[in-house]
Amino acid sequence: MSQKNHEARREVQGSKSAKVLYRPFGLASSIVGGLVAGQVFRRVYKRFAPGHPDDPPKPLESEYALREIVLASLLQGAIYALVKALIDRGGARAFQRWTGEWPGD
């Protein structure tokens, strides 16, 4: 890494106090993100599996084939990861705008 890139990266890194101050904010946004991801998953699942009940199959429900359970789980994991990344990044950017410091790294 060149000296210029290293210095630019150092400017973006947050201080310890920023990390500590961000923790409650990050925790709250993670909880909200999980709730949002669950709602998004239910809507997406309902759209892609219109013949099924409102709730996706659970691993211990014997009336569903393993393939359906695995596909629903993969979809749920992908949606959760995407929503969490978007909310975490947005929260970090908002924190940086409010405080002038980046909370990560």
# chains A, B, ... in the order shown; residues from 1 in each chain; ligands from 1
call {"tool": "residues_around", "arguments": {"residues": "Gly33 in chain A", "least_positions_apart": "4", "cutoff": "12 Å", "atoms": "only C-alpha atoms", "output": "PDB file with all heavy atoms, in the first residue's frame"}}
result
ATOM      1  N   GLY A  26     -25.236   0.900  17.179  1.00  0.00           N
ATOM      2  CA  GLY A  26     -25.079  -0.281  16.326  1.00  0.00           C
ATOM      3  C   GLY A  26     -25.951  -1.433  16.781  1.00  0.00           C
ATOM      4  O   GLY A  26     -26.519  -2.156  15.953  1.00  0.00           O
ATOM      5  N   LEU A  27     -26.075  -1.607  18.082  1.00  0.00           N
ATOM      6  CA  LEU A  27     -26.925  -2.675  18.614  1.00  0.00           C
ATOM      7  C   LEU A  27     -28.388  -2.433  18.255  1.00  0.00           C
ATOM      8  O   LEU A  27     -29.080  -3.336  17.794  1.00  0.00           O
ATOM      9  CB  LEU A  27     -26.764  -2.767  20.130  1.00  0.00           C
ATOM     10  CG  LEU A  27     -27.570  -3.846  20.839  1.00  0.00           C
ATOM     11  CD1 LEU A  27     -27.202  -5.230  20.323  1.00  0.00           C
ATOM     12  CD2 LEU A  27     -27.347  -3.771  22.332  1.00  0.00           C
ATOM     13  N   ALA A  28     -28.837  -1.200  18.433  1.00  0.00           N
ATOM     14  CA  ALA A  28     -30.225  -0.864  18.097  1.00  0.00           C
ATOM     15  C   ALA A  28     -30.480  -1.047  16.604  1.00  0.00           C
ATOM     16  O   ALA A  28     -31.514  -1.601  16.205  1.00  0.00           O
ATOM     17  CB  ALA A  28     -30.545   0.564  18.522  1.00  0.00           C
ATOM     18  N   SER A  29     -29.535  -0.619  15.778  1.00  0.00           N
ATOM     19  CA  SER A  29     -29.733  -0.771  14.337  1.00  0.00           C
ATOM     20  C   SER A  29     -29.703  -2.242  13.929  1.00  0.00           C
ATOM     21  O   SER A  29     -30.403  -2.637  12.998  1.00  0.00           O
ATOM     22  CB  SER A  29     -28.717   0.041  13.546  1.00  0.00           C
ATOM     23  OG  SER A  29     -27.427  -0.480  13.683  1.00  0.00           O
ATOM     24  N   ALA A  37     -35.362  -7.409   8.038  1.00  0.00           N
ATOM     25  CA  ALA A  37     -34.992  -8.555   7.206  1.00  0.00           C
ATOM     26  C   ALA A  37     -36.055  -9.656   7.281  1.00  0.00           C
ATOM     27  O   ALA A  37     -36.381 -10.275   6.273  1.00  0.00           O
ATOM     28  CB  ALA A  37     -33.632  -9.108   7.632  1.00  0.00           C
ATOM     29  N   GLY A  38     -36.600  -9.885   8.465  1.00  0.00           N
ATOM     30  CA  GLY A  38     -37.654 -10.887   8.604  1.00  0.00           C
ATOM     31  C   GLY A  38     -38.893 -10.534   7.804  1.00  0.00           C
ATOM     32  O   GLY A  38     -39.485 -11.393   7.139  1.00  0.00           O
ATOM     33  N   GLN A  39     -39.275  -9.268   7.832  1.00  0.00           N
ATOM     34  CA  GLN A  39     -40.440  -8.829   7.064  1.00  0.00           C
ATOM     35  C   GLN A  39     -40.186  -8.919   5.560  1.00  0.00           C
ATOM     36  O   GLN A  39     -41.052  -9.351   4.803  1.00  0.00           O
ATOM     37  CB  GLN A  39     -40.827  -7.395   7.455  1.00  0.00           C
ATOM     38  CG  GLN A  39     -41.354  -7.266   8.862  1.00  0.00           C
ATOM     39  CD  GLN A  39     -42.621  -8.099   9.067  1.00  0.00           C
ATOM     40  OE1 GLN A  39     -43.506  -8.106   8.235  1.00  0.00           O
ATOM     41  NE2 GLN A  39     -42.663  -8.805  10.178  1.00  0.00           N
ATOM     42  N   VAL A  40     -39.001  -8.504   5.141  1.00  0.00           N
ATOM     43  CA  VAL A  40     -38.654  -8.581   3.716  1.00  0.00           C
ATOM     44  C   VAL A  40     -38.670 -10.040   3.266  1.00  0.00           C
ATOM     45  O   VAL A  40     -39.221 -10.375   2.204  1.00  0.00           O
ATOM     46  CB  VAL A  40     -37.277  -7.933   3.451  1.00  0.00           C
ATOM     47  CG1 VAL A  40     -36.788  -8.222   2.036  1.00  0.00           C
ATOM     48  CG2 VAL A  40     -37.344  -6.435   3.693  1.00  0.00           C
ATOM     49  N   PHE A  41     -38.093 -10.932   4.067  1.00  0.00           N
ATOM     50  CA  PHE A  41     -38.068 -12.346   3.702  1.00  0.00           C
ATOM     51  C   PHE A  41     -39.474 -12.906   3.564  1.00  0.00           C
ATOM     52  O   PHE A  41     -39.773 -13.619   2.602  1.00  0.00           O
ATOM     53  CB  PHE A  41     -37.269 -13.151   4.727  1.00  0.00           C
ATOM     54  CG  PHE A  41     -37.411 -14.637   4.535  1.00  0.00           C
ATOM     55  CD1 PHE A  41     -36.956 -15.247   3.382  1.00  0.00           C
ATOM     56  CD2 PHE A  41     -38.023 -15.412   5.503  1.00  0.00           C
ATOM     57  CE1 PHE A  41     -37.094 -16.614   3.195  1.00  0.00           C
ATOM     58  CE2 PHE A  41     -38.171 -16.775   5.326  1.00  0.00           C
ATOM     59  CZ  PHE A  41     -37.707 -17.381   4.168  1.00  0.00           C
ATOM     60  N   ILE A  79     -31.082 -12.655   2.274  1.00  0.00           N
ATOM     61  CA  ILE A  79     -31.815 -11.412   2.552  1.00  0.00           C
ATOM     62  C   ILE A  79     -31.333 -10.803   3.863  1.00  0.00           C
ATOM     63  O   ILE A  79     -31.104  -9.601   3.951  1.00  0.00           O
ATOM     64  CB  ILE A  79     -33.335 -11.662   2.560  1.00  0.00           C
ATOM     65  CG1 ILE A  79     -33.814 -11.926   1.138  1.00  0.00           C
ATOM     66  CG2 ILE A  79     -34.085 -10.486   3.182  1.00  0.00           C
ATOM     67  CD1 ILE A  79     -35.251 -12.375   1.038  1.00  0.00           C
ATOM     68  N   TYR A  80     -31.155 -11.625   4.882  1.00  0.00           N
ATOM     69  CA  TYR A  80     -30.687 -11.123   6.175  1.00  0.00           C
ATOM     70  C   TYR A  80     -29.312 -10.455   6.032  1.00  0.00           C
ATOM     71  O   TYR A  80     -29.084  -9.361   6.542  1.00  0.00           O
ATOM     72  CB  TYR A  80     -30.628 -12.253   7.204  1.00  0.00           C
ATOM     73  CG  TYR A  80     -30.099 -11.778   8.532  1.00  0.00           C
ATOM     74  CD1 TYR A  80     -30.912 -11.082   9.411  1.00  0.00           C
ATOM     75  CD2 TYR A  80     -28.776 -11.989   8.889  1.00  0.00           C
ATOM     76  CE1 TYR A  80     -30.421 -10.612  10.630  1.00  0.00           C
ATOM     77  CE2 TYR A  80     -28.273 -11.533  10.094  1.00  0.00           C
ATOM     78  CZ  TYR A  80     -29.107 -10.847  10.953  1.00  0.00           C
ATOM     79  OH  TYR A  80     -28.609 -10.375  12.137  1.00  0.00           O
ATOM     80  N   ALA A  81     -28.398 -11.124   5.322  1.00  0.00           N
ATOM     81  CA  ALA A  81     -27.051 -10.576   5.154  1.00  0.00           C
ATOM     82  C   ALA A  81     -27.083  -9.251   4.392  1.00  0.00           C
ATOM     83  O   ALA A  81     -26.379  -8.297   4.755  1.00  0.00           O
ATOM     84  CB  ALA A  81     -26.160 -11.581   4.429  1.00  0.00           C
ATOM     85  N   LEU A  82     -27.899  -9.177   3.355  1.00  0.00           N
ATOM     86  CA  LEU A  82     -27.996  -7.947   2.569  1.00  0.00           C
ATOM     87  C   LEU A  82     -28.573  -6.797   3.394  1.00  0.00           C
ATOM     88  O   LEU A  82     -28.007  -5.698   3.434  1.00  0.00           O
ATOM     89  CB  LEU A  82     -28.860  -8.183   1.325  1.00  0.00           C
ATOM     90  CG  LEU A  82     -29.151  -6.949   0.476  1.00  0.00           C
ATOM     91  CD1 LEU A  82     -27.868  -6.415  -0.141  1.00  0.00           C
ATOM     92  CD2 LEU A  82     -30.172  -7.274  -0.581  1.00  0.00           C
ATOM     93  N   VAL A  83     -29.681  -7.060   4.078  1.00  0.00           N
ATOM     94  CA  VAL A  83     -30.319  -6.007   4.883  1.00  0.00           C
ATOM     95  C   VAL A  83     -29.392  -5.572   6.008  1.00  0.00           C
ATOM     96  O   VAL A  83     -29.243  -4.379   6.271  1.00  0.00           O
ATOM     97  CB  VAL A  83     -31.689  -6.482   5.421  1.00  0.00           C
ATOM     98  CG1 VAL A  83     -32.244  -5.524   6.464  1.00  0.00           C
ATOM     99  CG2 VAL A  83     -32.682  -6.651   4.277  1.00  0.00           C
ATOM    100  N   LYS A  84     -28.741  -6.504   6.658  1.00  0.00           N
ATOM    101  CA  LYS A  84     -27.826  -6.165   7.758  1.00  0.00           C
ATOM    102  C   LYS A  84     -26.676  -5.309   7.256  1.00  0.00           C
ATOM    103  O   LYS A  84     -26.315  -4.307   7.884  1.00  0.00           O
ATOM    104  CB  LYS A  84     -27.294  -7.430   8.423  1.00  0.00           C
ATOM    105  CG  LYS A  84     -26.362  -7.125   9.584  1.00  0.00           C
ATOM    106  CD  LYS A  84     -26.077  -8.343  10.388  1.00  0.00           C
ATOM    107  CE  LYS A  84     -25.100  -8.140  11.504  1.00  0.00           C
ATOM    108  NZ  LYS A  84     -24.796  -6.834  11.958  1.00  0.00           N
ATOM    109  N   ALA A  85     -26.097  -5.672   6.116  1.00  0.00           N
ATOM    110  CA  ALA A  85     -24.986  -4.884   5.571  1.00  0.00           C
ATOM    111  C   ALA A  85     -25.440  -3.470   5.226  1.00  0.00           C
ATOM    112  O   ALA A  85     -24.737  -2.496   5.518  1.00  0.00           O
ATOM    113  CB  ALA A  85     -24.408  -5.573   4.329  1.00  0.00           C
ATOM    114  N   LEU A  86     -26.602  -3.347   4.610  1.00  0.00           N
ATOM    115  CA  LEU A  86     -27.109  -2.021   4.243  1.00  0.00           C
ATOM    116  C   LEU A  86     -27.394  -1.164   5.477  1.00  0.00           C
ATOM    117  O   LEU A  86     -27.039   0.017   5.517  1.00  0.00           O
ATOM    118  CB  LEU A  86     -28.374  -2.153   3.391  1.00  0.00           C
ATOM    119  CG  LEU A  86     -28.170  -2.707   1.986  1.00  0.00           C
ATOM    120  CD1 LEU A  86     -29.520  -2.959   1.317  1.00  0.00           C
ATOM    121  CD2 LEU A  86     -27.314  -1.772   1.146  1.00  0.00           C
ATOM    122  N   ILE A  87     -28.007  -1.750   6.484  1.00  0.00           N
ATOM    123  CA  ILE A  87     -28.336  -0.994   7.693  1.00  0.00           C
ATOM    124  C   ILE A  87     -27.075  -0.659   8.489  1.00  0.00           C
ATOM    125  O   ILE A  87     -26.928   0.460   8.980  1.00  0.00           O
ATOM    126  CB  ILE A  87     -29.377  -1.747   8.539  1.00  0.00           C
ATOM    127  CG1 ILE A  87     -30.723  -1.656   7.831  1.00  0.00           C
ATOM    128  CG2 ILE A  87     -29.455  -1.201   9.958  1.00  0.00           C
ATOM    129  CD1 ILE A  87     -31.851  -2.371   8.497  1.00  0.00           C
ATOM    130  N   ASP A  88     -26.140  -1.603   8.608  1.00  0.00           N
ATOM    131  CA  ASP A  88     -24.896  -1.324   9.328  1.00  0.00           C
ATOM    132  C   ASP A  88     -24.104  -0.214   8.649  1.00  0.00           C
ATOM    133  O   ASP A  88     -23.601   0.701   9.304  1.00  0.00           O
ATOM    134  CB  ASP A  88     -24.028  -2.585   9.418  1.00  0.00           C
ATOM    135  CG  ASP A  88     -24.539  -3.584  10.433  1.00  0.00           C
ATOM    136  OD1 ASP A  88     -25.462  -3.242  11.200  1.00  0.00           O
ATOM    137  OD2 ASP A  88     -24.012  -4.720  10.446  1.00  0.00           O
ATOM    138  N   ARG A  89     -24.005  -0.277   7.331  1.00  0.00           N
ATOM    139  CA  ARG A  89     -23.248   0.744   6.605  1.00  0.00           C
ATOM    140  C   ARG A  89     -23.945   2.108   6.701  1.00  0.00           C
ATOM    141  O   ARG A  89     -23.304   3.131   6.923  1.00  0.00           O
ATOM    142  CB  ARG A  89     -23.095   0.323   5.147  1.00  0.00           C
ATOM    143  CG  ARG A  89     -22.182   1.188   4.337  1.00  0.00           C
ATOM    144  CD  ARG A  89     -20.770   1.154   4.906  1.00  0.00           C
ATOM    145  NE  ARG A  89     -19.884   1.892   4.048  1.00  0.00           N
ATOM    146  CZ  ARG A  89     -18.625   1.590   3.858  1.00  0.00           C
ATOM    147  NH1 ARG A  89     -18.088   0.568   4.480  1.00  0.00           N
ATOM    148  NH2 ARG A  89     -17.882   2.313   3.067  1.00  0.00           N
ATOM    149  N   GLY A  90     -25.263   2.113   6.532  1.00  0.00           N
ATOM    150  CA  GLY A  90     -26.007   3.361   6.646  1.00  0.00           C
ATOM    151  C   GLY A  90     -25.905   3.960   8.038  1.00  0.00           C
ATOM    152  O   GLY A  90     -25.762   5.172   8.200  1.00  0.00           O
ATOM    153  N   GLY A  91     -25.962   3.112   9.061  1.00  0.00           N
ATOM    154  CA  GLY A  91     -25.821   3.586  10.436  1.00  0.00           C
ATOM    155  C   GLY A  91     -24.450   4.165  10.693  1.00  0.00           C
ATOM    156  O   GLY A  91     -24.302   5.193  11.366  1.00  0.00           O
TER     157      GLY A  91
END
call {"tool": "closest_residue", "arguments": {"among": "A:Ser17, A:Leu71, A:Thr99, A:Ala92", "to": "Tyr45 in chain A", "atoms": "only C-alpha atoms"}}
result
A:Leu71
call {"tool": "select_by_dssp", "arguments": {"residues": "chain A", "states": "alpha helix (DSSP H)", "output": "JSON, numbers by chain"}}
result
{"A": [3, 4, 5, 6, 7, 8, 9, 10, 11, 12, 16, 17, 18, 19, 20, 21, 22, 23, 24, 25, 26, 27, 28, 29, 30, 31, 32, 33, 34, 35, 36, 37, 38, 39, 40, 41, 42, 43, 44, 45, 46, 47, 48, 66, 67, 68, 69, 70, 71, 72, 73, 74, 75, 76, 77, 78, 79, 80, 81, 82, 83, 84, 85, 86, 87, 88, 89, 90, 91, 92, 93, 94, 95, 96, 97, 98, 99]}
call {"tool": "residues_around", "arguments": {"residues": "Leu60 in chain A", "least_positions_apart": "6", "cutoff": "12 Å", "atoms": "only C-alpha atoms", "output": "PyMOL selection string"}}
result
chain A and resi 66+69-70
call {"tool": "write_last_selection", "arguments": {"atoms": "N, CA and C atoms", "output": "mmCIF file, in the first residue's frame"}}
result
data_model
loop_
_atom_site.group_PDB
_atom_site.id
_atom_site.type_symbol
_atom_site.label_atom_id
_atom_site.label_comp_id
_atom_site.auth_asym_id
_atom_site.auth_seq_id
_atom_site.Cartn_x
_atom_site.Cartn_y
_atom_site.Cartn_z
ATOM 1 N N LEU A 66 -37.140 -31.545 1.949
ATOM 2 C CA LEU A 66 -35.878 -30.960 2.382
ATOM 3 C C LEU A 66 -35.448 -29.856 1.410
ATOM 4 N N ILE A 69 -37.111 -26.575 2.268
ATOM 5 C CA ILE A 69 -36.570 -26.008 3.505
ATOM 6 C C ILE A 69 -35.197 -25.396 3.258
ATOM 7 N N VAL A 70 -34.366 -26.087 2.496
ATOM 8 C CA VAL A 70 -33.021 -25.585 2.205
ATOM 9 C C VAL A 70 -33.101 -24.310 1.361
#
call {"tool": "atom_distance", "arguments": {"atom1": "CA of Phe95 in chain A", "atom2": "CA of Phe25 in chain A"}}
result
8.4 Å
call {"tool": "residues_around", "arguments": {"residues": "Ala72 in chain A", "least_positions_apart": "3", "cutoff": "8 Å", "atoms": "only C-alpha atoms", "output": "ChimeraX atom specification"}}
result
/A:45,56-57,68-69,75-76
call {"tool": "atom_distance", "arguments": {"atom1": "CA of Ser15 in chain A", "atom2": "CA of Trp102 in chain A"}}
result
7.7 Å
call {"tool": "atom_distance", "arguments": {"atom1": "CA of Trp98 in chain A", "atom2": "CA of Gly34 in chain A"}}
result
23.8 Å
call {"tool": "closest_residue", "arguments": {"among": "A:Gln96, A:Pro103, A:Glu61, A:Gly77", "to": "Ala18 in chain A", "atoms": "only C-alpha atoms"}}
result
A:Pro103
